[in-house]
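S.K.: One structure coming up, written as structure tokens, with questions to follow.
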Number of protein chains: 2
Amino acid sequence: MPEPLLDLLWRNRADVPVIRRRGPKARHSTTDVVTLAIDLADEDGLGAVTIRALAQKLELTPMSVYTHVNSRDDLLVLMADQAHARMTPTSFARSAWRTRVRRVADDNLALLKEHPWLLDLDDPRTALGPGTIAKYDRELHAFDGTSLDDVARDAALTFVLDFTRATAARIVVRPATGEFGELWEQSVAGLVAYLGDDLPLAQRVGRVAGEAMGGPYDAERAWQFGLARVLAGLADLEGIDPAPLVD
Amino acid sequence: MPEPLLDLLWRNRADVPVIRRRGPKARHSTTDVVTLAIDLADEDGLGAVTIRALAQKLELTPMSVYTHVNSRDDLLVLMADQAHARMTPTSFARSAWRTRVRRVADDNLALLKEHPWLLDLDDPRTALGPGTIAKYDRELHAFDGTSLDDVARDAALTFVLDFTRATAARIVVRPATGEFGELWEQSVAGLVAYLGDDLPLAQRVGRVAGEAMGGPYDAERAWQFGLARVLAGLADLEGIDPAPLVD
DNA sequence: TAAATCTCTGTACGTTGTACAGTTCAATGT
DNA sequence: ACATTGAACTGTACAACGTACAGAGATTTA
């Protein structure tokens, strides 16, 4: 039986590693397993990460996968932590907090674009992993030099990351083409008939926003809109807002 | 075979209803089916909404459920729309936009507390339903009298709702007690050992934020923090911000 | 009365996670 | 040297899921 999740998460520790195990050597390392699982998820989403598919990639039988992880849920946590650990953050250099926060948001958006399946994953145990904790620490430093106390600092970071995640979800999952597109258009046509002249505001705004969404520039625009709101909201908290130096 | 999803969503229309169907009368209305499905979800989450469980509640065989809905996915969309339709919004009265936006956020938080499963549901077809569209229209009106154009109005509402959803997700899903609690404490104990003295900022902030989260007041505090940021961010957009009248 | 078209049923299939009982093999204790 | 231990791996099997498909029975329409 594999080690508990916590130990698997921290498997790259310098401590206590080299107790030669008995039995045959494992054909794959834990990292191999997790990496291949991430490949599956990157290609076809979390749904494609089945024990059987993973076993095939590893050239093992399905049940042998359980030699390496205790359950599929544990595997997903390991995947998330590895993704967080492998993230390559933009340096904060000597920039003002606004710029640093912007970098945090941009980096997280990039992360979620690269690994959209992270959006479908919400296991609190992810917070136990070294990759996730290191990311948390790094991003907390974005607020260095501000007047935020510890609780506010955590809340502010959460605020930024929640925004990023929500917007990423809207940017990233865009099938919207192919034969699904036709079905959608049909539905919208029928919808117009049902709506008639009711709810004019919703119709007008929905149409405008929908058209804008068709264009390639809107995802970016929504992102900039929201990010500017986030920064303004946080600046308000600062009271006296040091003029952005690098923006 | 049941009608297409769009027609099921709009089944309460005054138009075209009374064409007497042939065969036997259905033992349940579509609304019955959806209501019972919502009951299941309210009690035990979306995972409890299985065709078989629903069939049992309806005193039908599993396959008979498909007389009323085309698929489980369609059912979920119907559930979401009904939840939106049954929402009882707080009146805007004659309040300032800040107050109105606050009401929108509060109402949505209440909705998500009542139906946490809405957090697990992300089918774009929900936007086709009358309940959802009416909600969209009502909430867009929160920005009446501001300088926002249509695109910005949609973006602003999205911004508020995304924040609400993210915070609700953190507030609502709190098992955290029972025997799971022990397992968690064990993990945290082990985690402390692994962490040692590394990442002091993450440790300090994480501890403080974590302790605050234990207390009953913090969920509320995070909510107020974020909501204040959202309002400040939007106020910034307004440029000249009319003093809040009712706050 | 016959045809059409509904509701509802029973059986069955494919896919999923994974429990359980082995088999094989390398390191350890004697 | 040899038995013991424990780890890696395998094969079979089960329960739960969504739902395809073929029909049975009821009720309206021609």
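Order determines the names: the first chain of the structure tokens is A, the second B, and so forth; residues in each chain are numbered 1 upward, and ligands are numbered 1 upward as they are shown.
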Tell me, counting only C-alpha atoms (C1' of nucleotides), for each residue of chain D within 10 Å of region 7-25 of chain C, which pair of atoms is nearest and how far apart they are in Å to one decimal, in rows ordered by chain and increasing number, as a Markdown table.
M.R.:
| residue | atom | partner | partner_atom | distance |
| --- | --- | --- | --- | --- |
| D:DA7 | C1' | C:DC25 | C1' | 9.0 |
| D:DA8 | C1' | C:DC25 | C1' | 8.5 |
| D:DC9 | C1' | C:DT24 | C1' | 8.1 |
| D:DT10 | C1' | C:DT23 | C1' | 7.8 |
| D:DG11 | C1' | C:DG22 | C1' | 8.8 |
| D:DT12 | C1' | C:DC20 | C1' | 9.3 |
| D:DA13 | C1' | C:DA19 | C1' | 8.9 |
| D:DC14 | C1' | C:DA19 | C1' | 8.4 |
| D:DA15 | C1' | C:DG17 | C1' | 9.8 |
| D:DA16 | C1' | C:DT16 | C1' | 8.5 |
| D:DC17 | C1' | C:DT16 | C1' | 7.7 |
| D:DG18 | C1' | C:DT15 | C1' | 9.4 |
| D:DT19 | C1' | C:DC13 | C1' | 9.2 |
| D:DA20 | C1' | C:DC13 | C1' | 8.3 |
| D:DC21 | C1' | C:DA12 | C1' | 9.0 |
| D:DA22 | C1' | C:DT11 | C1' | 9.3 |
| D:DG23 | C1' | C:DT9 | C1' | 8.5 |
| D:DA24 | C1' | C:DT9 | C1' | 7.7 |
| D:DG25 | C1' | C:DC8 | C1' | 8.6 |
| D:DA26 | C1' | C:DT7 | C1' | 8.1 |
S.K.: With only C-alpha atoms considered, list every residue of chain B at most 8 Å from chain A, as a VMD selection string.
M.R.: chain B and resid 6 10 128 133 to 134 136 to 137 140 to 141 150 to 151 153 to 156 159 162 to 163 166 187 to 188 190 to 191 194 199 201 to 202 204 to 206 208 to 209 212 222 225 to 226 228 to 234 236 to 237
S.K.: Which residues of chain B come within 8 Å of chain C, and for each one, what is the closest pair of atoms and their distance in Å to one decimal, counting only C-alpha atoms (C1' of nucleotides), sorted by chain and residue number, as CSV?
M.R.:
residue,atom,partner,partner_atom,distance
B:Arg21,CA,C:DC6,C1',6.8
B:Arg22,CA,C:DC6,C1',5.2
B:Gly23,CA,C:DC6,C1',3.4
B:Pro24,CA,C:DT7,C1',5.7
B:Lys25,CA,C:DT7,C1',7.0
B:Ala26,CA,C:DT7,C1',6.1
B:Leu60,CA,C:DC8,C1',8.0
B:Thr61,CA,C:DT9,C1',7.0
B:Met63,CA,C:DT9,C1',7.6
B:Ser64,CA,C:DC8,C1',5.7
B:Thr67,CA,C:DT7,C1',7.2
S.K.: Those selected residues, please, written with C-alpha atoms and delivered as an mmCIF file, in the first residue's frame.
M.R.:
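Output contents, as saved in result.cif:
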data_model
loop_
_atom_site.group_PDB
_atom_site.id
_atom_site.type_symbol
_atom_site.label_atom_id
_atom_site.label_comp_id
_atom_site.auth_asym_id
_atom_site.auth_seq_id
_atom_site.Cartn_x
_atom_site.Cartn_y
_atom_site.Cartn_z
ATOM 1 C CA ARG B 21 -51.878 14.709 -25.950
ATOM 2 C CA ARG B 22 -52.815 11.153 -26.829
ATOM 3 C CA GLY B 23 -51.670 8.329 -24.544
ATOM 4 C CA PRO B 24 -52.131 8.147 -20.770
ATOM 5 C CA LYS B 25 -51.784 11.190 -18.591
ATOM 6 C CA ALA B 26 -48.380 11.607 -17.007
ATOM 7 C CA LEU B 60 -41.417 5.255 -11.054
ATOM 8 C CA THR B 61 -38.870 2.921 -12.543
ATOM 9 C CA MET B 63 -36.266 4.468 -17.176
ATOM 10 C CA SER B 64 -39.583 6.240 -16.740
ATOM 11 C CA THR B 67 -40.273 10.286 -20.116
#
S.K.: For a test of reading the model, state the distance in Å between CA of Leu78 (chain A) and CA of Leu119 (chain B), rounded to one decimal.
M.R.: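 Those two atoms sit 23.5 Å apart.
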S.K.: Please measure the separation of CA of Gly131 (chain A) and CA of Gln82 (chain A), giving the value in Å to one decimal.
M.R.: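 Computing the Euclidean distance for CA of Gly131 (chain A) and CA of Gln82 (chain A) yields 6.3 Å.
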S.K.: Between B:Asp107, B:Val33, B:Thr50, B:His28, which is the closest to chain D once you count only C-alpha atoms (C1' of nucleotides)?
M.R.: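 Residue with the minimum atom-to-atom distance to chain D: B:Thr50.
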S.K.: Output as a PyMOL selection string all residues of region 87-166 of chain A that backbone DSSP marks as helix (DSSP H, G or I).
M.R.: chain A and resi 97-114+116-120+124-128+130-143+150-166
S.K.: May I ask which of the residues B:Glu3, B:Val65, B:Thr35, B:His84 is the closest one to Thr132 (chain B), counting only C-alpha atoms?
M.R.: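 Checking each candidate against Thr132 (chain B), we get B:His84 as the closest.
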S.K.: By how many Å are CA of Asn12 (chain B) and CA of Asp32 (chain B) apart?
M.R.: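 Those two atoms sit 13.2 Å apart.
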S.K.: Name the residues in contact with Leu75 (chain B) at a cut-off of 9 Å, using only C-alpha atoms (C1' of nucleotides), excluding same-chain residues fewer than 3 positions from it; report them as a JSON list (two decimals) with C-alpha atoms, in the first residue's frame.
M.R.:
[["chain", "number", "residue", "atom", "x", "y", "z"],
["B", 5, "LEU", "CA", -34.74, 21.34, -23.29],
["B", 33, "VAL", "CA", -39.82, 16.02, -11.25],
["B", 34, "VAL", "CA", -37.58, 19.04, -11.06],
["B", 37, "ALA", "CA", -34.65, 16.52, -7.87],
["B", 69, "VAL", "CA", -36.39, 14.75, -19.12],
["B", 70, "ASN", "CA", -34.04, 13.85, -21.92],
["B", 71, "SER", "CA", -30.97, 13.31, -19.82],
["B", 72, "ARG", "CA", -29.52, 13.96, -16.42],
["B", 78, "LEU", "CA", -33.98, 22.66, -15.32],
["B", 79, "MET", "CA", -33.13, 22.56, -11.63],
["B", 80, "ALA", "CA", -30.90, 25.61, -11.88]]
